[in-house]
>>> print(open('run_25.pdb').read())   # PDB, C-alpha atoms
MODEL        1
ATOM      1  CA  MET A   1      10.632 -42.501  92.719
ATOM      2  CA  SER A   2       8.024 -41.655  90.095
ATOM      3  CA  LEU A   3       4.957 -43.528  88.883
ATOM      4  CA  ALA A   4       5.837 -46.317  86.436
ATOM      5  CA  SER A   5       3.300 -45.100  83.856
ATOM      6  CA  GLY A   6       3.637 -45.341  80.114
ATOM      7  CA  PHE A   7       2.242 -41.812  79.831
ATOM      8  CA  GLU A   8       4.153 -38.573  80.195
ATOM      9  CA  SER A   9       1.150 -37.044  81.953
ATOM     10  CA  ALA A  10      -2.363 -37.978  83.055
ATOM     11  CA  GLU A  11      -3.657 -35.841  80.167
ATOM     12  CA  GLU A  12      -2.488 -38.590  77.783
ATOM     13  CA  SER A  13      -4.306 -41.452  79.545
ATOM     14  CA  PRO A  14      -7.684 -42.186  77.906
ATOM     15  CA  GLY A  15      -8.786 -44.216  80.913
ATOM     16  CA  PHE A  16      -7.987 -41.442  83.371
ATOM     17  CA  LEU A  17      -9.696 -38.849  81.165
ATOM     18  CA  LEU A  18     -12.750 -41.110  80.844
ATOM     19  CA  TRP A  19     -12.826 -41.418  84.643
ATOM     20  CA  GLN A  20     -12.768 -37.631  85.057
ATOM     21  CA  VAL A  21     -15.405 -37.017  82.391
ATOM     22  CA  THR A  22     -17.657 -39.754  83.785
ATOM     23  CA  ASN A  23     -17.493 -38.222  87.251
ATOM     24  CA  ARG A  24     -18.429 -34.781  85.902
ATOM     25  CA  TRP A  25     -21.261 -36.267  83.814
ATOM     26  CA  GLN A  26     -22.614 -38.154  86.842
ATOM     27  CA  VAL A  27     -22.679 -34.946  88.902
ATOM     28  CA  ALA A  28     -24.644 -33.232  86.127
ATOM     29  CA  GLN A  29     -27.085 -36.155  85.831
ATOM     30  CA  ARG A  30     -27.642 -36.305  89.609
ATOM     31  CA  ALA A  31     -28.601 -32.623  89.532
ATOM     32  CA  ALA A  32     -30.929 -33.142  86.547
ATOM     33  CA  LEU A  33     -32.676 -36.085  88.237
ATOM     34  CA  LYS A  34     -32.933 -34.587  91.720
ATOM     35  CA  PRO A  35     -36.340 -32.936  91.085
ATOM     36  CA  PHE A  36     -37.692 -36.377  90.147
ATOM     37  CA  ASP A  37     -36.259 -38.092  93.252
ATOM     38  CA  LEU A  38     -34.492 -40.651  91.047
ATOM     39  CA  THR A  39     -30.938 -41.902  91.020
ATOM     40  CA  HIS A  40     -29.405 -42.365  87.603
ATOM     41  CA  VAL A  41     -29.662 -46.159  87.751
ATOM     42  CA  GLN A  42     -33.306 -45.878  88.817
ATOM     43  CA  PHE A  43     -33.916 -43.611  85.847
ATOM     44  CA  VAL A  44     -32.119 -45.930  83.428
ATOM     45  CA  LEU A  45     -34.137 -48.951  84.551
ATOM     46  CA  LEU A  46     -37.444 -47.071  84.652
ATOM     47  CA  ALA A  47     -36.914 -45.475  81.238
ATOM     48  CA  GLY A  48     -35.550 -48.720  79.798
ATOM     49  CA  LEU A  49     -38.557 -50.637  81.067
ATOM     50  CA  THR A  50     -40.910 -48.012  79.655
ATOM     51  CA  TYR A  51     -39.181 -48.328  76.276
ATOM     52  CA  LEU A  52     -39.017 -52.148  76.243
ATOM     53  CA  GLN A  53     -42.556 -52.630  77.492
ATOM     54  CA  ALA A  54     -43.940 -51.074  74.294
ATOM     55  CA  SER A  55     -42.934 -54.324  72.540
ATOM     56  CA  GLY A  56     -44.519 -56.694  75.050
ATOM     57  CA  PRO A  57     -43.780 -58.312  78.409
ATOM     58  CA  VAL A  58     -40.335 -57.650  79.863
ATOM     59  CA  THR A  59     -38.361 -59.919  82.165
ATOM     60  CA  GLN A  60     -35.898 -58.632  84.721
ATOM     61  CA  LYS A  61     -33.132 -60.443  82.806
ATOM     62  CA  THR A  62     -34.044 -58.660  79.560
ATOM     63  CA  LEU A  63     -34.103 -55.296  81.311
ATOM     64  CA  ALA A  64     -30.732 -55.890  82.996
ATOM     65  CA  GLY A  65     -29.241 -56.955  79.660
ATOM     66  CA  MET A  66     -30.472 -53.855  77.864
ATOM     67  CA  ALA A  67     -29.251 -51.546  80.625
ATOM     68  CA  ALA A  68     -25.968 -53.477  81.090
ATOM     69  CA  THR A  69     -26.609 -53.614  84.829
ATOM     70  CA  ASP A  70     -25.784 -56.360  87.289
ATOM     71  CA  PRO A  71     -28.844 -58.648  87.702
ATOM     72  CA  MET A  72     -28.712 -58.546  91.526
ATOM     73  CA  MET A  73     -28.432 -54.759  91.582
ATOM     74  CA  THR A  74     -31.234 -54.573  89.007
ATOM     75  CA  SER A  75     -33.436 -56.615  91.323
ATOM     76  CA  GLN A  76     -32.690 -54.326  94.276
ATOM     77  CA  VAL A  77     -33.395 -51.169  92.281
ATOM     78  CA  LEU A  78     -36.629 -52.637  90.913
ATOM     79  CA  ARG A  79     -37.744 -53.423  94.470
ATOM     80  CA  THR A  80     -37.164 -49.764  95.369
ATOM     81  CA  LEU A  81     -39.122 -48.602  92.312
ATOM     82  CA  GLU A  82     -41.876 -51.102  93.135
ATOM     83  CA  GLY A  83     -42.045 -49.742  96.682
ATOM     84  CA  ARG A  84     -42.643 -46.293  95.199
ATOM     85  CA  GLY A  85     -45.445 -47.623  92.992
ATOM     86  CA  LEU A  86     -43.515 -46.970  89.780
ATOM     87  CA  VAL A  87     -43.236 -50.597  88.641
ATOM     88  CA  HIS A  88     -45.060 -53.839  89.413
ATOM     89  CA  ARG A  89     -44.469 -57.518  88.719
ATOM     90  CA  PRO A  90     -47.437 -59.145  86.977
ATOM     91  CA  ALA A  91     -47.474 -62.798  85.967
ATOM     92  CA  HIS A  92     -45.674 -63.375  82.666
ATOM     93  CA  PRO A  93     -48.338 -64.065  80.016
ATOM     94  CA  THR A  94     -46.434 -66.873  78.234
ATOM     95  CA  ASP A  95     -44.228 -68.355  80.980
ATOM     96  CA  GLY A  96     -46.151 -69.558  84.013
ATOM     97  CA  ARG A  97     -42.945 -69.830  86.055
ATOM     98  CA  ALA A  98     -41.824 -66.249  85.431
ATOM     99  CA  ARG A  99     -42.891 -62.802  86.492
ATOM    100  CA  ALA A 100     -42.765 -59.878  84.139
ATOM    101  CA  VAL A 101     -41.692 -56.414  85.191
ATOM    102  CA  ALA A 102     -44.020 -53.623  84.140
ATOM    103  CA  VAL A 103     -44.085 -49.878  84.565
ATOM    104  CA  THR A 104     -47.160 -48.363  86.189
ATOM    105  CA  GLU A 105     -48.947 -45.347  84.770
ATOM    106  CA  GLY A 106     -47.216 -43.167  87.362
ATOM    107  CA  GLY A 107     -43.868 -44.722  86.487
ATOM    108  CA  ARG A 108     -44.404 -44.081  82.786
ATOM    109  CA  ASP A 109     -45.334 -40.465  83.494
ATOM    110  CA  LEU A 110     -42.252 -39.976  85.670
ATOM    111  CA  ALA A 111     -39.959 -41.624  83.098
ATOM    112  CA  ASN A 112     -41.308 -39.392  80.339
ATOM    113  CA  ARG A 113     -40.836 -36.232  82.398
ATOM    114  CA  ALA A 114     -37.377 -37.256  83.591
ATOM    115  CA  VAL A 115     -36.104 -38.223  80.125
ATOM    116  CA  VAL A 116     -36.627 -34.635  78.968
ATOM    117  CA  ALA A 117     -34.353 -33.402  81.780
ATOM    118  CA  VAL A 118     -31.769 -36.139  81.179
ATOM    119  CA  GLU A 119     -31.581 -35.456  77.455
ATOM    120  CA  ALA A 120     -31.315 -31.690  78.052
ATOM    121  CA  CYS A 121     -28.504 -32.377  80.523
ATOM    122  CA  ASP A 122     -26.717 -34.555  77.954
ATOM    123  CA  ALA A 123     -27.156 -31.926  75.225
ATOM    124  CA  ALA A 124     -25.589 -29.269  77.440
ATOM    125  CA  PHE A 125     -22.838 -31.554  78.732
ATOM    126  CA  PHE A 126     -21.743 -32.793  75.305
ATOM    127  CA  ALA A 127     -22.281 -29.490  73.458
ATOM    128  CA  GLY A 128     -18.541 -28.806  73.530
ATOM    129  CA  LEU A 129     -18.005 -31.679  71.104
ATOM    130  CA  GLY A 130     -19.903 -29.790  68.394
ATOM    131  CA  ASP A 131     -19.720 -31.619  65.082
ATOM    132  CA  GLY A 132     -17.627 -34.333  66.747
ATOM    133  CA  LEU A 133     -20.574 -35.657  68.779
ATOM    134  CA  GLY A 134     -21.498 -38.286  66.181
ATOM    135  CA  ALA A 135     -17.958 -39.672  66.064
ATOM    136  CA  PHE A 136     -17.758 -39.632  69.872
ATOM    137  CA  THR A 137     -21.035 -41.561  70.127
ATOM    138  CA  ALA A 138     -19.825 -44.046  67.501
ATOM    139  CA  GLY A 139     -16.633 -44.540  69.503
ATOM    140  CA  LEU A 140     -18.663 -45.225  72.648
ATOM    141  CA  ARG A 141     -20.690 -47.879  70.788
ATOM    142  CA  ILE A 142     -17.418 -49.562  69.758
ATOM    143  CA  LEU A 143     -16.112 -49.509  73.352
ATOM    144  CA  ARG A 144     -19.416 -50.824  74.681
ATOM    145  CA  GLN A 145     -18.835 -54.039  72.730
ATOM    146  CA  SER A 146     -15.389 -54.671  74.241
TER     147      SER A 146
ENDMDL
END
>>> encode(input="run_25.pdb", output="structure tokens")
Amino acid sequence: MSLASGFESAEESPGFLLWQVTNRWQVAQRAALKPFDLTHVQFVLLAGLTYLQASGPVTQKTLAGMAATDPMMTSQVLRTLEGRGLVHRPAHPTDGRARAVAVTEGGRDLANRAVVAVEACDAAFFAGLGDGLGAFTAGLRILRQS
């Protein structure tokens, strides 16, 4: 008995190909972030916070929304980053009931060093797309909205 798939082979399945590519990309990103002692999700939240903070106070909910991460997982990762002195939680300046999340100077420095490695990793990983990189990125933006 064979697999009841609508595809002749796995090479035709966009979901399966995406799975394989994602796994390879994650391996490459783990290697790029290893010198910084950051997981990819830690990097995403630290870099995202660094970026968002330039526009004013950031809530954990805003950060999770921008990163498309689960709020509970976001909270756990932020606690880890806080334990390392990379982020802190000051009082929110306009909402007395809320706490903001803010990057420390050390966290900002680490995010700025790590982003160089992450972007170099991405450039190398996606180089095979050549002139098709823009269309690929546009396709990812479309899928992100689904």
>>> resolve_selection(input="run_25.pdb", expression="the PyMOL selection byres ((chain A and resi 90) around 8)", output="ChimeraX atom specification")
/A:88-89,91-92,99-102
>>> residues_around(input="run_25.pdb", residues="Arg113 of chain A", least_positions_apart="4", cutoff="12 Å", atoms="all atoms listed in the file", output="compact mmCIF listing (two decimals) with C-alpha atoms, keeping the file's coordinate frame")
# COMPACT_ATOMS: atom_id res chain seq x y z
CA ALA A 32 -30.93 -33.14 86.55
CA LEU A 33 -32.68 -36.08 88.24
CA PRO A 35 -36.34 -32.94 91.08
CA PHE A 36 -37.69 -36.38 90.15
CA ASP A 37 -36.26 -38.09 93.25
CA LEU A 38 -34.49 -40.65 91.05
CA PHE A 43 -33.92 -43.61 85.85
CA LEU A 46 -37.44 -47.07 84.65
CA ALA A 47 -36.91 -45.48 81.24
CA GLY A 106 -47.22 -43.17 87.36
CA GLY A 107 -43.87 -44.72 86.49
CA ARG A 108 -44.40 -44.08 82.79
CA ASP A 109 -45.33 -40.47 83.49
CA ALA A 117 -34.35 -33.40 81.78
CA VAL A 118 -31.77 -36.14 81.18
CA GLU A 119 -31.58 -35.46 77.46
CA ALA A 120 -31.32 -31.69 78.05
>>> closest_residue(input="run_25.pdb", among="A:Ser75, A:Thr69, A:Thr104, A:Ser13", to="Gln53 of chain A", atoms="only C-alpha atoms")
A:Thr104
>>> closest_residue(input="run_25.pdb", among="A:Gly139, A:Pro14, A:Gln145, A:Val87", to="Leu110 of chain A", atoms="only C-alpha atoms")
A:Val87
>>> atom_distance(input="run_25.pdb", atom1="atom CA of Gly6 of chain A", atom2="atom CA of Phe126 of chain A")
28.7 Å
>>> closest_residue(input="run_25.pdb", among="A:Glu82, A:Asp122, A:Glu12, A:Asp131", to="Ala28 of chain A", atoms="only C-alpha atoms")
A:Asp122
>>> residues_near_point(input="run_25.pdb", point="(-29.3, -52.0, 81.7)", cutoff="12 Å", atoms="all atoms listed in the file", output="PyMOL selection string")
chain A and resi 40-49+51-52+60-75+77-78
>>> closest_residue(input="run_25.pdb", among="A:Gln20, A:Asn112, A:Ser5, A:Thr94", to="Thr59 of chain A", atoms="only C-alpha atoms")
A:Thr94
>>> build_atoms(input="run_25.pdb", residues="segment 51-77 of chain A", atoms="N, CA, C and O atoms", output="short mmCIF file (atom, residue, chain, number, x, y, z; two decimals), in the coordinates of the input")
data_model
loop_
_atom_site.label_atom_id
_atom_site.label_comp_id
_atom_site.auth_asym_id
_atom_site.auth_seq_id
_atom_site.Cartn_x
_atom_site.Cartn_y
_atom_site.Cartn_z
N TYR A 51 -39.48 -48.13 77.70
CA TYR A 51 -39.18 -48.33 76.28
C TYR A 51 -39.44 -49.78 75.85
O TYR A 51 -40.12 -50.04 74.86
N LEU A 52 -38.89 -50.74 76.61
CA LEU A 52 -39.02 -52.15 76.24
C LEU A 52 -40.45 -52.64 76.31
O LEU A 52 -40.86 -53.48 75.50
N GLN A 53 -41.20 -52.15 77.26
CA GLN A 53 -42.56 -52.63 77.49
C GLN A 53 -43.47 -52.36 76.30
O GLN A 53 -44.46 -53.06 76.11
N ALA A 54 -43.13 -51.38 75.48
CA ALA A 54 -43.94 -51.07 74.29
C ALA A 54 -43.98 -52.25 73.32
O ALA A 54 -44.90 -52.36 72.51
N SER A 55 -42.99 -53.17 73.43
CA SER A 55 -42.93 -54.32 72.54
C SER A 55 -43.48 -55.59 73.18
O SER A 55 -43.42 -56.65 72.57
N GLY A 56 -43.96 -55.51 74.39
CA GLY A 56 -44.52 -56.69 75.05
C GLY A 56 -43.93 -56.90 76.43
O GLY A 56 -43.18 -56.05 76.93
N PRO A 57 -44.24 -58.04 77.05
CA PRO A 57 -43.78 -58.31 78.41
C PRO A 57 -42.25 -58.30 78.51
O PRO A 57 -41.55 -58.72 77.60
N VAL A 58 -41.78 -57.80 79.64
CA VAL A 58 -40.34 -57.65 79.86
C VAL A 58 -39.96 -58.45 81.11
O VAL A 58 -40.61 -58.34 82.14
N THR A 59 -38.88 -59.23 80.99
CA THR A 59 -38.36 -59.92 82.16
C THR A 59 -37.25 -59.07 82.78
O THR A 59 -36.66 -58.21 82.12
N GLN A 60 -36.98 -59.34 84.04
CA GLN A 60 -35.90 -58.63 84.72
C GLN A 60 -34.57 -58.88 84.01
O GLN A 60 -33.75 -57.97 83.87
N LYS A 61 -34.37 -60.10 83.52
CA LYS A 61 -33.13 -60.44 82.81
C LYS A 61 -32.99 -59.61 81.53
O LYS A 61 -31.91 -59.11 81.23
N THR A 62 -34.07 -59.46 80.79
CA THR A 62 -34.04 -58.66 79.56
C THR A 62 -33.72 -57.20 79.87
O THR A 62 -32.90 -56.58 79.20
N LEU A 63 -34.34 -56.68 80.92
CA LEU A 63 -34.10 -55.30 81.31
C LEU A 63 -32.65 -55.09 81.74
O LEU A 63 -32.00 -54.14 81.30
N ALA A 64 -32.13 -56.00 82.55
CA ALA A 64 -30.73 -55.89 83.00
C ALA A 64 -29.78 -55.97 81.81
O ALA A 64 -28.78 -55.24 81.75
N GLY A 65 -30.08 -56.83 80.85
CA GLY A 65 -29.24 -56.96 79.66
C GLY A 65 -29.23 -55.68 78.83
O GLY A 65 -28.18 -55.24 78.37
N MET A 66 -30.39 -55.09 78.65
CA MET A 66 -30.47 -53.86 77.86
C MET A 66 -29.74 -52.71 78.55
O MET A 66 -29.06 -51.93 77.91
N ALA A 67 -29.87 -52.64 79.87
CA ALA A 67 -29.25 -51.55 80.62
C ALA A 67 -27.79 -51.83 80.97
O ALA A 67 -27.09 -50.93 81.44
N ALA A 68 -27.33 -53.05 80.73
CA ALA A 68 -25.97 -53.48 81.09
C ALA A 68 -25.73 -53.29 82.59
O ALA A 68 -24.70 -52.77 83.01
N THR A 69 -26.73 -53.70 83.37
CA THR A 69 -26.61 -53.61 84.83
C THR A 69 -26.51 -55.02 85.42
O THR A 69 -26.99 -55.98 84.83
N ASP A 70 -25.91 -55.10 86.58
CA ASP A 70 -25.78 -56.36 87.29
C ASP A 70 -27.18 -56.86 87.66
O ASP A 70 -28.00 -56.09 88.19
N PRO A 71 -27.50 -58.14 87.41
CA PRO A 71 -28.84 -58.65 87.70
C PRO A 71 -29.27 -58.49 89.17
O PRO A 71 -30.43 -58.16 89.44
N MET A 72 -28.35 -58.69 90.12
CA MET A 72 -28.71 -58.55 91.53
C MET A 72 -29.01 -57.07 91.86
O MET A 72 -29.96 -56.78 92.57
N MET A 73 -28.20 -56.18 91.36
CA MET A 73 -28.43 -54.76 91.58
C MET A 73 -29.74 -54.34 90.91
O MET A 73 -30.51 -53.56 91.47
N THR A 74 -30.00 -54.87 89.72
CA THR A 74 -31.23 -54.57 89.01
C THR A 74 -32.43 -54.96 89.86
O THR A 74 -33.39 -54.20 90.01
N SER A 75 -32.35 -56.13 90.46
CA SER A 75 -33.44 -56.62 91.32
C SER A 75 -33.66 -55.68 92.51
O SER A 75 -34.79 -55.33 92.84
N GLN A 76 -32.58 -55.23 93.13
CA GLN A 76 -32.69 -54.33 94.28
C GLN A 76 -33.31 -52.99 93.86
O GLN A 76 -34.17 -52.45 94.56
N VAL A 77 -32.86 -52.46 92.74
CA VAL A 77 -33.40 -51.17 92.28
C VAL A 77 -34.87 -51.31 91.91
O VAL A 77 -35.69 -50.45 92.23
#
